[in-house]
file model_26.txt (compact mmCIF, N, CA and C atoms)
# COMPACT_ATOMS: atom_id res chain seq x y z
N GLN Q 29 -32.90 -46.90 -55.05
CA GLN Q 29 -32.82 -46.59 -56.45
C GLN Q 29 -32.37 -45.13 -56.63
N VAL Q 30 -31.97 -44.81 -57.83
CA VAL Q 30 -31.49 -43.46 -58.10
C VAL Q 30 -32.65 -42.48 -58.09
N GLN Q 31 -32.43 -41.38 -57.40
CA GLN Q 31 -33.42 -40.30 -57.40
C GLN Q 31 -32.71 -38.97 -57.63
N LEU Q 32 -33.30 -38.17 -58.49
CA LEU Q 32 -32.87 -36.79 -58.70
C LEU Q 32 -34.09 -35.92 -58.42
N VAL Q 33 -33.96 -35.01 -57.46
CA VAL Q 33 -35.10 -34.21 -57.05
C VAL Q 33 -34.77 -32.73 -57.23
N GLU Q 34 -35.48 -32.10 -58.17
CA GLU Q 34 -35.27 -30.68 -58.42
C GLU Q 34 -36.14 -29.84 -57.50
N SER Q 35 -35.66 -28.65 -57.22
CA SER Q 35 -36.44 -27.68 -56.44
C SER Q 35 -35.96 -26.28 -56.80
N GLY Q 36 -36.74 -25.29 -56.38
CA GLY Q 36 -36.33 -23.91 -56.57
C GLY Q 36 -37.05 -23.17 -57.69
N GLY Q 37 -37.88 -23.86 -58.42
CA GLY Q 37 -38.62 -23.19 -59.49
C GLY Q 37 -39.68 -22.26 -58.93
N GLY Q 38 -40.28 -21.47 -59.81
CA GLY Q 38 -41.32 -20.56 -59.38
C GLY Q 38 -41.59 -19.49 -60.42
N LEU Q 39 -42.29 -18.47 -59.98
CA LEU Q 39 -42.65 -17.34 -60.83
C LEU Q 39 -41.74 -16.16 -60.51
N VAL Q 40 -41.18 -15.57 -61.54
CA VAL Q 40 -40.27 -14.43 -61.35
C VAL Q 40 -40.48 -13.44 -62.48
N GLN Q 41 -40.23 -12.18 -62.21
CA GLN Q 41 -40.35 -11.16 -63.25
C GLN Q 41 -39.11 -11.17 -64.13
N ALA Q 42 -39.29 -10.72 -65.35
CA ALA Q 42 -38.17 -10.59 -66.26
C ALA Q 42 -37.08 -9.74 -65.63
N GLY Q 43 -35.84 -10.18 -65.79
CA GLY Q 43 -34.72 -9.50 -65.17
C GLY Q 43 -34.34 -10.05 -63.81
N GLY Q 44 -35.20 -10.88 -63.26
CA GLY Q 44 -34.96 -11.43 -61.94
C GLY Q 44 -34.07 -12.66 -61.96
N SER Q 45 -33.94 -13.28 -60.78
CA SER Q 45 -33.06 -14.43 -60.62
C SER Q 45 -33.77 -15.56 -59.89
N LEU Q 46 -33.33 -16.76 -60.15
CA LEU Q 46 -33.76 -17.95 -59.44
C LEU Q 46 -32.59 -18.90 -59.34
N LYS Q 47 -32.58 -19.72 -58.30
CA LYS Q 47 -31.55 -20.75 -58.18
C LYS Q 47 -32.23 -22.10 -58.04
N LEU Q 48 -31.98 -22.97 -59.00
CA LEU Q 48 -32.51 -24.31 -58.97
C LEU Q 48 -31.51 -25.25 -58.31
N SER Q 49 -32.04 -26.25 -57.61
CA SER Q 49 -31.22 -27.28 -56.99
C SER Q 49 -31.68 -28.64 -57.47
N CYS Q 50 -30.76 -29.57 -57.51
CA CYS Q 50 -31.09 -30.95 -57.86
C CYS Q 50 -30.30 -31.85 -56.91
N ALA Q 51 -31.01 -32.49 -56.00
CA ALA Q 51 -30.40 -33.37 -55.01
C ALA Q 51 -30.41 -34.80 -55.52
N ALA Q 52 -29.24 -35.43 -55.51
CA ALA Q 52 -29.10 -36.79 -56.01
C ALA Q 52 -28.97 -37.77 -54.87
N SER Q 53 -29.55 -38.95 -55.05
CA SER Q 53 -29.39 -40.04 -54.10
C SER Q 53 -29.40 -41.35 -54.86
N GLY Q 54 -28.83 -42.39 -54.22
CA GLY Q 54 -28.82 -43.71 -54.83
C GLY Q 54 -27.76 -43.91 -55.88
N LEU Q 55 -26.84 -42.96 -55.99
CA LEU Q 55 -25.73 -43.10 -56.93
C LEU Q 55 -24.48 -42.48 -56.33
N THR Q 56 -23.33 -42.86 -56.89
CA THR Q 56 -22.08 -42.25 -56.47
C THR Q 56 -21.93 -40.96 -57.24
N PHE Q 57 -22.18 -39.85 -56.57
CA PHE Q 57 -22.33 -38.56 -57.23
C PHE Q 57 -21.11 -38.20 -58.07
N SER Q 58 -19.93 -38.51 -57.57
CA SER Q 58 -18.70 -38.14 -58.28
C SER Q 58 -18.47 -38.97 -59.54
N ASP Q 59 -19.26 -40.01 -59.75
CA ASP Q 59 -19.14 -40.83 -60.95
C ASP Q 59 -19.93 -40.28 -62.13
N TYR Q 60 -20.67 -39.21 -61.89
CA TYR Q 60 -21.60 -38.71 -62.89
C TYR Q 60 -21.37 -37.25 -63.23
N ALA Q 61 -21.39 -36.98 -64.54
CA ALA Q 61 -21.58 -35.61 -64.97
C ALA Q 61 -23.04 -35.26 -64.73
N MET Q 62 -23.30 -33.98 -64.49
CA MET Q 62 -24.66 -33.54 -64.22
C MET Q 62 -25.05 -32.44 -65.20
N GLY Q 63 -26.32 -32.46 -65.58
CA GLY Q 63 -26.75 -31.46 -66.55
C GLY Q 63 -28.15 -30.94 -66.25
N TRP Q 64 -28.44 -29.81 -66.84
CA TRP Q 64 -29.78 -29.21 -66.79
C TRP Q 64 -30.31 -29.08 -68.21
N PHE Q 65 -31.56 -29.46 -68.36
CA PHE Q 65 -32.27 -29.31 -69.62
C PHE Q 65 -33.59 -28.60 -69.33
N ARG Q 66 -34.22 -28.09 -70.36
CA ARG Q 66 -35.52 -27.46 -70.16
C ARG Q 66 -36.45 -27.77 -71.32
N GLN Q 67 -37.73 -27.75 -71.01
CA GLN Q 67 -38.74 -28.01 -72.03
C GLN Q 67 -39.84 -26.96 -71.90
N ALA Q 68 -39.93 -26.12 -72.91
CA ALA Q 68 -40.97 -25.10 -72.95
C ALA Q 68 -42.24 -25.72 -73.55
N PRO Q 69 -43.38 -25.13 -73.26
CA PRO Q 69 -44.64 -25.67 -73.80
C PRO Q 69 -44.61 -25.78 -75.32
N GLY Q 70 -44.94 -26.96 -75.81
CA GLY Q 70 -44.97 -27.18 -77.25
C GLY Q 70 -43.63 -27.37 -77.91
N LYS Q 71 -42.57 -27.43 -77.12
CA LYS Q 71 -41.22 -27.58 -77.68
C LYS Q 71 -40.55 -28.82 -77.13
N GLU Q 72 -39.48 -29.23 -77.79
CA GLU Q 72 -38.73 -30.37 -77.33
C GLU Q 72 -37.80 -29.96 -76.19
N ARG Q 73 -37.41 -30.96 -75.41
CA ARG Q 73 -36.46 -30.71 -74.34
C ARG Q 73 -35.13 -30.28 -74.93
N ALA Q 74 -34.54 -29.25 -74.32
CA ALA Q 74 -33.30 -28.68 -74.86
C ALA Q 74 -32.24 -28.56 -73.78
N PHE Q 75 -31.01 -28.68 -74.20
CA PHE Q 75 -29.87 -28.58 -73.30
C PHE Q 75 -29.74 -27.15 -72.76
N VAL Q 76 -29.38 -27.06 -71.48
CA VAL Q 76 -29.14 -25.76 -70.85
C VAL Q 76 -27.69 -25.65 -70.39
N ALA Q 77 -27.26 -26.60 -69.55
CA ALA Q 77 -25.91 -26.52 -68.99
C ALA Q 77 -25.51 -27.89 -68.48
N ALA Q 78 -24.20 -28.14 -68.43
CA ALA Q 78 -23.70 -29.39 -67.88
C ALA Q 78 -22.36 -29.14 -67.20
N ILE Q 79 -22.07 -30.00 -66.23
CA ILE Q 79 -20.80 -29.91 -65.50
C ILE Q 79 -20.23 -31.31 -65.40
N SER Q 80 -18.95 -31.44 -65.62
CA SER Q 80 -18.31 -32.74 -65.66
C SER Q 80 -18.20 -33.37 -64.28
N ARG Q 81 -17.81 -34.63 -64.27
CA ARG Q 81 -17.59 -35.33 -63.01
C ARG Q 81 -16.59 -34.58 -62.15
N SER Q 82 -15.58 -34.07 -62.78
CA SER Q 82 -14.52 -33.37 -62.04
C SER Q 82 -14.93 -31.98 -61.59
N GLY Q 83 -15.97 -31.44 -62.23
CA GLY Q 83 -16.34 -30.05 -61.98
C GLY Q 83 -15.51 -29.06 -62.78
N GLY Q 84 -14.52 -29.56 -63.49
CA GLY Q 84 -13.59 -28.69 -64.19
C GLY Q 84 -14.01 -28.31 -65.60
N ILE Q 85 -14.96 -29.04 -66.14
CA ILE Q 85 -15.46 -28.74 -67.49
C ILE Q 85 -16.93 -28.36 -67.39
N ILE Q 86 -17.28 -27.21 -67.93
CA ILE Q 86 -18.66 -26.71 -67.90
C ILE Q 86 -19.05 -26.32 -69.32
N ASN Q 87 -20.28 -26.61 -69.64
CA ASN Q 87 -20.79 -26.40 -70.99
C ASN Q 87 -22.15 -25.71 -70.87
N TYR Q 88 -22.35 -24.65 -71.67
CA TYR Q 88 -23.62 -23.93 -71.65
C TYR Q 88 -24.20 -23.83 -73.05
N ALA Q 89 -25.51 -23.83 -73.11
CA ALA Q 89 -26.18 -23.48 -74.35
C ALA Q 89 -25.93 -22.00 -74.63
N ASP Q 90 -25.85 -21.64 -75.89
CA ASP Q 90 -25.59 -20.25 -76.25
C ASP Q 90 -26.67 -19.32 -75.70
N THR Q 91 -27.89 -19.83 -75.59
CA THR Q 91 -29.01 -19.00 -75.16
C THR Q 91 -28.92 -18.58 -73.70
N VAL Q 92 -28.10 -19.27 -72.92
CA VAL Q 92 -28.02 -18.94 -71.49
C VAL Q 92 -26.63 -18.50 -71.06
N LYS Q 93 -25.68 -18.58 -71.97
CA LYS Q 93 -24.29 -18.24 -71.64
C LYS Q 93 -24.21 -16.80 -71.13
N GLY Q 94 -23.53 -16.63 -70.01
CA GLY Q 94 -23.40 -15.31 -69.42
C GLY Q 94 -24.50 -14.94 -68.45
N ARG Q 95 -25.57 -15.73 -68.45
CA ARG Q 95 -26.70 -15.45 -67.54
C ARG Q 95 -26.90 -16.56 -66.51
N PHE Q 96 -26.60 -17.79 -66.88
CA PHE Q 96 -26.79 -18.94 -66.00
C PHE Q 96 -25.44 -19.48 -65.56
N THR Q 97 -25.40 -20.04 -64.34
CA THR Q 97 -24.19 -20.66 -63.83
C THR Q 97 -24.53 -22.00 -63.20
N ILE Q 98 -23.85 -23.04 -63.65
CA ILE Q 98 -24.03 -24.37 -63.08
C ILE Q 98 -22.89 -24.64 -62.11
N SER Q 99 -23.20 -25.32 -61.01
CA SER Q 99 -22.18 -25.69 -60.03
C SER Q 99 -22.63 -26.98 -59.35
N ARG Q 100 -21.71 -27.60 -58.64
CA ARG Q 100 -22.05 -28.83 -57.92
C ARG Q 100 -21.34 -28.86 -56.58
N ASP Q 101 -22.02 -29.49 -55.62
CA ASP Q 101 -21.50 -29.66 -54.26
C ASP Q 101 -21.43 -31.15 -54.00
N TYR Q 102 -20.21 -31.69 -53.93
CA TYR Q 102 -20.05 -33.14 -53.78
C TYR Q 102 -20.52 -33.61 -52.40
N ALA Q 103 -20.28 -32.83 -51.39
CA ALA Q 103 -20.69 -33.21 -50.03
C ALA Q 103 -22.21 -33.30 -49.92
N LYS Q 104 -22.90 -32.41 -50.60
CA LYS Q 104 -24.36 -32.40 -50.54
C LYS Q 104 -24.99 -33.21 -51.67
N LYS Q 105 -24.16 -33.70 -52.58
CA LYS Q 105 -24.66 -34.45 -53.74
C LYS Q 105 -25.73 -33.65 -54.47
N THR Q 106 -25.43 -32.41 -54.71
CA THR Q 106 -26.40 -31.50 -55.29
C THR Q 106 -25.76 -30.70 -56.42
N VAL Q 107 -26.53 -30.51 -57.47
CA VAL Q 107 -26.11 -29.64 -58.56
C VAL Q 107 -27.06 -28.44 -58.60
N TYR Q 108 -26.51 -27.28 -58.90
CA TYR Q 108 -27.27 -26.05 -58.87
C TYR Q 108 -27.28 -25.39 -60.25
N LEU Q 109 -28.31 -24.61 -60.48
CA LEU Q 109 -28.35 -23.76 -61.65
C LEU Q 109 -28.79 -22.37 -61.19
N GLN Q 110 -27.84 -21.46 -61.15
CA GLN Q 110 -28.14 -20.07 -60.81
C GLN Q 110 -28.54 -19.36 -62.09
N MET Q 111 -29.74 -18.82 -62.10
CA MET Q 111 -30.26 -18.16 -63.30
C MET Q 111 -30.47 -16.68 -63.01
N SER Q 112 -29.86 -15.84 -63.81
CA SER Q 112 -29.96 -14.40 -63.64
C SER Q 112 -30.42 -13.77 -64.95
N SER Q 113 -30.83 -12.51 -64.85
CA SER Q 113 -31.30 -11.77 -66.04
C SER Q 113 -32.31 -12.61 -66.82
N LEU Q 114 -33.25 -13.16 -66.10
CA LEU Q 114 -34.22 -14.07 -66.72
C LEU Q 114 -35.10 -13.35 -67.72
N LYS Q 115 -35.45 -14.08 -68.77
CA LYS Q 115 -36.28 -13.56 -69.84
C LYS Q 115 -37.54 -14.42 -69.95
N PRO Q 116 -38.62 -13.87 -70.51
CA PRO Q 116 -39.83 -14.69 -70.69
C PRO Q 116 -39.56 -15.98 -71.46
N GLU Q 117 -38.63 -15.95 -72.39
CA GLU Q 117 -38.32 -17.16 -73.16
C GLU Q 117 -37.58 -18.22 -72.36
N ASP Q 118 -37.21 -17.92 -71.12
CA ASP Q 118 -36.64 -18.93 -70.23
C ASP Q 118 -37.73 -19.75 -69.54
N THR Q 119 -38.97 -19.36 -69.73
CA THR Q 119 -40.08 -20.10 -69.15
C THR Q 119 -40.11 -21.53 -69.67
N ALA Q 120 -40.08 -22.49 -68.74
CA ALA Q 120 -40.03 -23.91 -69.12
C ALA Q 120 -40.05 -24.76 -67.86
N ASP Q 121 -40.21 -26.05 -68.08
CA ASP Q 121 -39.94 -27.02 -67.02
C ASP Q 121 -38.45 -27.37 -67.11
N TYR Q 122 -37.78 -27.32 -65.98
CA TYR Q 122 -36.34 -27.57 -65.94
C TYR Q 122 -36.08 -28.93 -65.31
N TYR Q 123 -35.24 -29.72 -65.98
CA TYR Q 123 -34.94 -31.06 -65.54
C TYR Q 123 -33.44 -31.22 -65.33
N CYS Q 124 -33.07 -31.93 -64.28
CA CYS Q 124 -31.66 -32.29 -64.16
C CYS Q 124 -31.47 -33.74 -64.54
N GLY Q 125 -30.27 -34.03 -65.00
CA GLY Q 125 -29.93 -35.38 -65.41
C GLY Q 125 -28.54 -35.75 -64.94
N ALA Q 126 -28.32 -37.07 -64.87
CA ALA Q 126 -27.02 -37.61 -64.48
C ALA Q 126 -26.49 -38.51 -65.58
N ALA Q 127 -25.24 -38.28 -65.97
CA ALA Q 127 -24.63 -39.01 -67.09
C ALA Q 127 -23.31 -39.63 -66.65
N ARG Q 128 -23.21 -40.93 -66.83
CA ARG Q 128 -21.92 -41.57 -66.57
C ARG Q 128 -21.00 -41.26 -67.74
N GLY Q 129 -19.75 -41.06 -67.46
CA GLY Q 129 -18.85 -40.78 -68.58
C GLY Q 129 -17.46 -40.50 -68.09
N THR Q 130 -16.68 -39.98 -68.97
CA THR Q 130 -15.30 -39.69 -68.63
C THR Q 130 -15.22 -38.51 -67.67
N PHE Q 131 -14.09 -38.40 -67.05
CA PHE Q 131 -13.89 -37.44 -65.98
C PHE Q 131 -14.01 -36.00 -66.47
N TRP Q 132 -13.66 -35.76 -67.74
CA TRP Q 132 -13.57 -34.39 -68.25
C TRP Q 132 -14.61 -34.10 -69.33
N HIS Q 133 -15.79 -34.68 -69.20
CA HIS Q 133 -16.83 -34.50 -70.20
C HIS Q 133 -18.08 -33.91 -69.58
N ALA Q 134 -18.63 -32.88 -70.21
CA ALA Q 134 -19.87 -32.26 -69.76
C ALA Q 134 -20.87 -32.37 -70.91
N PRO Q 135 -21.63 -33.46 -70.96
CA PRO Q 135 -22.41 -33.76 -72.15
C PRO Q 135 -23.63 -32.87 -72.36
N SER Q 136 -23.88 -32.55 -73.61
CA SER Q 136 -25.06 -31.77 -73.98
C SER Q 136 -26.14 -32.62 -74.65
N ALA Q 137 -25.83 -33.87 -74.93
CA ALA Q 137 -26.80 -34.74 -75.60
C ALA Q 137 -27.63 -35.50 -74.58
N GLN Q 138 -28.94 -35.44 -74.76
CA GLN Q 138 -29.84 -36.13 -73.82
C GLN Q 138 -29.56 -37.63 -73.77
N SER Q 139 -29.13 -38.19 -74.88
CA SER Q 139 -28.90 -39.64 -74.96
C SER Q 139 -27.80 -40.11 -74.02
N GLU Q 140 -26.98 -39.19 -73.56
CA GLU Q 140 -25.88 -39.58 -72.66
C GLU Q 140 -26.32 -39.62 -71.19
N TYR Q 141 -27.53 -39.19 -70.93
CA TYR Q 141 -28.01 -39.12 -69.56
C TYR Q 141 -28.80 -40.37 -69.20
N ALA Q 142 -28.40 -40.98 -68.08
CA ALA Q 142 -29.02 -42.24 -67.66
C ALA Q 142 -30.20 -42.02 -66.72
N PHE Q 143 -30.15 -40.93 -65.98
CA PHE Q 143 -31.19 -40.69 -64.98
C PHE Q 143 -31.68 -39.25 -65.09
N TRP Q 144 -32.98 -39.08 -64.75
CA TRP Q 144 -33.62 -37.77 -64.84
C TRP Q 144 -34.46 -37.50 -63.60
N GLY Q 145 -34.57 -36.22 -63.27
CA GLY Q 145 -35.49 -35.82 -62.23
C GLY Q 145 -36.88 -35.59 -62.81
N GLN Q 146 -37.80 -35.18 -61.95
CA GLN Q 146 -39.19 -35.02 -62.35
C GLN Q 146 -39.48 -33.62 -62.89
N GLY Q 147 -38.54 -32.72 -62.69
CA GLY Q 147 -38.69 -31.37 -63.23
C GLY Q 147 -39.21 -30.36 -62.23
N THR Q 148 -38.88 -29.10 -62.48
CA THR Q 148 -39.40 -28.00 -61.68
C THR Q 148 -39.76 -26.87 -62.66
N GLN Q 149 -40.87 -26.23 -62.41
CA GLN Q 149 -41.39 -25.25 -63.36
C GLN Q 149 -40.84 -23.85 -63.07
N VAL Q 150 -40.41 -23.20 -64.11
CA VAL Q 150 -39.95 -21.81 -64.03
C VAL Q 150 -40.80 -20.97 -64.97
N THR Q 151 -41.39 -19.93 -64.43
CA THR Q 151 -42.20 -19.02 -65.24
C THR Q 151 -41.64 -17.61 -65.08
N VAL Q 152 -41.32 -16.98 -66.20
CA VAL Q 152 -40.79 -15.63 -66.19
C VAL Q 152 -41.81 -14.72 -66.84
N SER Q 153 -42.31 -13.78 -66.06
CA SER Q 153 -43.32 -12.86 -66.58
C SER Q 153 -42.67 -11.61 -67.15
N SER Q 154 -43.33 -11.05 -68.16
CA SER Q 154 -42.76 -9.86 -68.81
C SER Q 154 -43.26 -8.58 -68.16
call {"tool": "encode", "arguments": {"input": "model_26.txt", "output": "structure tokens"}}
result
Amino acid sequence: QVQLVESGGGLVQAGGSLKLSCAASGLTFSDYAMGWFRQAPGKERAFVAAISRSGGIINYADTVKGRFTISRDYAKKTVYLQMSSLKPEDTADYYCGAARGTFWHAPSAQSEYAFWGQGTQVTVSS
């Protein structure tokens, strides 16, 4: 069955960096756009970043643009989220998702994602 397994979360000071990974199995990785979402305590899950099947289209939430970078490794079937200049408001559980779709689409809507990981916690201290 399809599995998405996130890793790399942890506790970091404001201004620091973390790199999240999401390893996919049970699916044809190149058939899926991949995305990262986050859910802070008491808030709804929100879009962070997405990368198209081709890797050529990338989409970021305004709140992370310029600080976060999404990438994917087809050989490792893994999608990454490099997070820099972290702020306390980045504290959340981070989830990766897989979305079937067109080759040049990096979806920001949760409804387009068919599969989800279990999440990894990121805490940014001030």
call {"tool": "residues_around", "arguments": {"input": "model_26.txt", "residues": "range 29-43 of chain Q", "least_positions_apart": "6", "cutoff": "8 Å", "atoms": "only N, CA and C atoms", "output": "PyMOL selection string"}}
result
chain Q and resi 49-55+111-116+122-126+143-154
call {"tool": "atom_distance", "arguments": {"input": "model_26.txt", "atom1": "atom C of Gly84 in chain Q", "atom2": "CA of Leu48 in chain Q"}}
result
20.1 Å
call {"tool": "axis_aligned_box", "arguments": {"input": "model_26.txt", "around": "range 121-137 of chain Q", "padding_each_side": "5 Å", "output": "AutoDock Vina command-line options"}}
result
--center_x -26.9 --center_y -33.8 --center_z -69.9 --size_x 36.6 --size_y 25.5 --size_z 21.4
call {"tool": "residues_around", "arguments": {"input": "model_26.txt", "residues": "Pro69 in chain Q", "least_positions_apart": "2", "cutoff": "7 Å", "atoms": "only N, CA and C atoms", "output": "ChimeraX atom specification"}}
result
/Q:67,71-72,119-121
call {"tool": "select_by_dssp", "arguments": {"input": "model_26.txt", "residues": "range 32-142 of chain Q", "states": "helix (DSSP H, G or I)", "output": "ChimeraX atom specification"}}
result
/Q:57-59,116-118,138-140
call {"tool": "residues_around", "arguments": {"input": "model_26.txt", "residues": "Asn87 in chain Q", "least_positions_apart": "2", "cutoff": "8 Å", "atoms": "only C-alpha atoms", "output": "CSV table (one decimal) with N, CA and C atoms, in the frame of the given file"}}
result
chain,number,residue,atom,x,y,z
Q,77,ALA,N,-27.3,-26.6,-69.6
Q,77,ALA,CA,-25.9,-26.5,-69.0
Q,77,ALA,C,-25.5,-27.9,-68.5
Q,78,ALA,N,-24.2,-28.1,-68.4
Q,78,ALA,CA,-23.7,-29.4,-67.9
Q,78,ALA,C,-22.4,-29.1,-67.2
Q,79,ILE,N,-22.1,-30.0,-66.2
Q,79,ILE,CA,-20.8,-29.9,-65.5
Q,79,ILE,C,-20.2,-31.3,-65.4
Q,85,ILE,N,-15.0,-29.0,-66.1
Q,85,ILE,CA,-15.5,-28.7,-67.5
Q,85,ILE,C,-16.9,-28.4,-67.4
Q,89,ALA,N,-25.5,-23.8,-73.1
Q,89,ALA,CA,-26.2,-23.5,-74.4
Q,89,ALA,C,-25.9,-22.0,-74.6
Q,134,ALA,N,-18.6,-32.9,-70.2
Q,134,ALA,CA,-19.9,-32.3,-69.8
Q,134,ALA,C,-20.9,-32.4,-70.9
Q,135,PRO,N,-21.6,-33.5,-71.0
Q,135,PRO,CA,-22.4,-33.8,-72.2
Q,135,PRO,C,-23.6,-32.9,-72.4
Q,136,SER,N,-23.9,-32.6,-73.6
Q,136,SER,CA,-25.1,-31.8,-74.0
Q,136,SER,C,-26.1,-32.6,-74.6
call {"tool": "closest_residue", "arguments": {"input": "model_26.txt", "among": "Q:Gln110, Q:Thr97, Q:Ser45, Q:Thr130", "to": "Ser80 in chain Q", "atoms": "all atoms listed in the file"}}
result
Q:Thr130
call {"tool": "atom_distance", "arguments": {"input": "model_26.txt", "atom1": "atom C of Ala103 in chain Q", "atom2": "atom C of Lys47 in chain Q"}}
result
17.1 Å
call {"tool": "atom_distance", "arguments": {"input": "model_26.txt", "atom1": "atom C of Ile86 in chain Q", "atom2": "atom C of Tyr108 in chain Q"}}
result
12.3 Å
call {"tool": "select_by_dssp", "arguments": {"input": "model_26.txt", "residues": "range 74-137 of chain Q", "states": "strand (DSSP E or B)", "output": "ChimeraX atom specification"}}
result
/Q:74-79,86-88,96-101,106-111,120-128
call {"tool": "closest_residue", "arguments": {"input": "model_26.txt", "among": "Q:Arg100, Q:Arg128, Q:Leu109, Q:Asp118", "to": "Trp64 in chain Q", "atoms": "all atoms listed in the file"}}
result
Q:Leu109
call {"tool": "closest_residue", "arguments": {"input": "model_26.txt", "among": "Q:Ser58, Q:Phe131, Q:Thr91, Q:Gln138", "to": "Arg73 in chain Q", "atoms": "only N, CA and C atoms"}}
result
Q:Gln138
call {"tool": "residues_around", "arguments": {"input": "model_26.txt", "residues": "Phe57 in chain Q", "least_positions_apart": "4", "cutoff": "7 Å", "atoms": "all atoms listed in the file", "output": "list in words"}}
result
Ala61, Arg81, Tyr102 and Lys105 of chain Q
call {"tool": "decode", "arguments": {"input": "model_26.txt", "residues": "range 103-109 of chain Q", "atoms": "all heavy atoms", "output": "PDB file, in the first residue's frame"}}
result
ATOM      1  N   ALA Q 103      15.068   9.136  -7.846  1.00  0.00           N
ATOM      2  CA  ALA Q 103      15.754   7.871  -7.560  1.00  0.00           C
ATOM      3  C   ALA Q 103      15.468   7.402  -6.136  1.00  0.00           C
ATOM      4  O   ALA Q 103      15.300   6.204  -5.887  1.00  0.00           O
ATOM      5  CB  ALA Q 103      17.250   8.019  -7.773  1.00  0.00           C
ATOM      6  N   LYS Q 104      15.384   8.347  -5.214  1.00  0.00           N
ATOM      7  CA  LYS Q 104      15.135   7.998  -3.812  1.00  0.00           C
ATOM      8  C   LYS Q 104      13.653   8.040  -3.460  1.00  0.00           C
ATOM      9  O   LYS Q 104      13.278   7.723  -2.335  1.00  0.00           O
ATOM     10  CB  LYS Q 104      15.909   8.947  -2.893  1.00  0.00           C
ATOM     11  CG  LYS Q 104      17.426   8.805  -3.008  1.00  0.00           C
ATOM     12  CD  LYS Q 104      18.140   9.729  -2.034  1.00  0.00           C
ATOM     13  CE  LYS Q 104      19.651   9.552  -2.140  1.00  0.00           C
ATOM     14  NZ  LYS Q 104      20.374  10.455  -1.216  1.00  0.00           N
ATOM     15  N   LYS Q 105      12.828   8.474  -4.409  1.00  0.00           N
ATOM     16  CA  LYS Q 105      11.386   8.603  -4.169  1.00  0.00           C
ATOM     17  C   LYS Q 105      11.133   9.431  -2.910  1.00  0.00           C
ATOM     18  O   LYS Q 105      10.327   9.055  -2.039  1.00  0.00           O
ATOM     19  CB  LYS Q 105      10.720   7.233  -4.056  1.00  0.00           C
ATOM     20  CG  LYS Q 105      10.796   6.414  -5.334  1.00  0.00           C
ATOM     21  CD  LYS Q 105      10.026   5.113  -5.196  1.00  0.00           C
ATOM     22  CE  LYS Q 105      10.074   4.298  -6.474  1.00  0.00           C
ATOM     23  NZ  LYS Q 105       9.304   3.041  -6.359  1.00  0.00           N
ATOM     24  N   THR Q 106      11.808  10.542  -2.834  1.00  0.00           N
ATOM     25  CA  THR Q 106      11.751  11.370  -1.642  1.00  0.00           C
ATOM     26  C   THR Q 106      11.546  12.829  -2.026  1.00  0.00           C
ATOM     27  O   THR Q 106      12.137  13.301  -3.004  1.00  0.00           O
ATOM     28  CB  THR Q 106      13.043  11.216  -0.819  1.00  0.00           C
ATOM     29  OG1 THR Q 106      13.170   9.844  -0.411  1.00  0.00           O
ATOM     30  CG2 THR Q 106      13.022  12.086   0.425  1.00  0.00           C
ATOM     31  N   VAL Q 107      10.734  13.502  -1.244  1.00  0.00           N
ATOM     32  CA  VAL Q 107      10.561  14.940  -1.397  1.00  0.00           C
ATOM     33  C   VAL Q 107      11.098  15.613  -0.136  1.00  0.00           C
ATOM     34  O   VAL Q 107      10.974  15.075   0.970  1.00  0.00           O
ATOM     35  CB  VAL Q 107       9.085  15.311  -1.653  1.00  0.00           C
ATOM     36  CG1 VAL Q 107       8.176  14.902  -0.516  1.00  0.00           C
ATOM     37  CG2 VAL Q 107       8.941  16.787  -1.967  1.00  0.00           C
ATOM     38  N   TYR Q 108      11.721  16.760  -0.321  1.00  0.00           N
ATOM     39  CA  TYR Q 108      12.372  17.458   0.773  1.00  0.00           C
ATOM     40  C   TYR Q 108      11.760  18.842   0.973  1.00  0.00           C
ATOM     41  O   TYR Q 108      11.223  19.444   0.039  1.00  0.00           O
ATOM     42  CB  TYR Q 108      13.865  17.624   0.483  1.00  0.00           C
ATOM     43  CG  TYR Q 108      14.599  16.337   0.248  1.00  0.00           C
ATOM     44  CD1 TYR Q 108      14.869  15.887  -1.046  1.00  0.00           C
ATOM     45  CD2 TYR Q 108      15.036  15.547   1.313  1.00  0.00           C
ATOM     46  CE1 TYR Q 108      15.537  14.706  -1.280  1.00  0.00           C
ATOM     47  CE2 TYR Q 108      15.711  14.355   1.088  1.00  0.00           C
ATOM     48  CZ  TYR Q 108      15.956  13.943  -0.200  1.00  0.00           C
ATOM     49  OH  TYR Q 108      16.619  12.763  -0.421  1.00  0.00           O
ATOM     50  N   LEU Q 109      11.877  19.328   2.182  1.00  0.00           N
ATOM     51  CA  LEU Q 109      11.534  20.713   2.466  1.00  0.00           C
ATOM     52  C   LEU Q 109      12.671  21.299   3.300  1.00  0.00           C
ATOM     53  O   LEU Q 109      12.810  20.965   4.479  1.00  0.00           O
ATOM     54  CB  LEU Q 109      10.207  20.830   3.221  1.00  0.00           C
ATOM     55  CG  LEU Q 109       9.715  22.259   3.435  1.00  0.00           C
ATOM     56  CD1 LEU Q 109       9.298  22.876   2.092  1.00  0.00           C
ATOM     57  CD2 LEU Q 109       8.534  22.300   4.412  1.00  0.00           C
TER      58      LEU Q 109
END
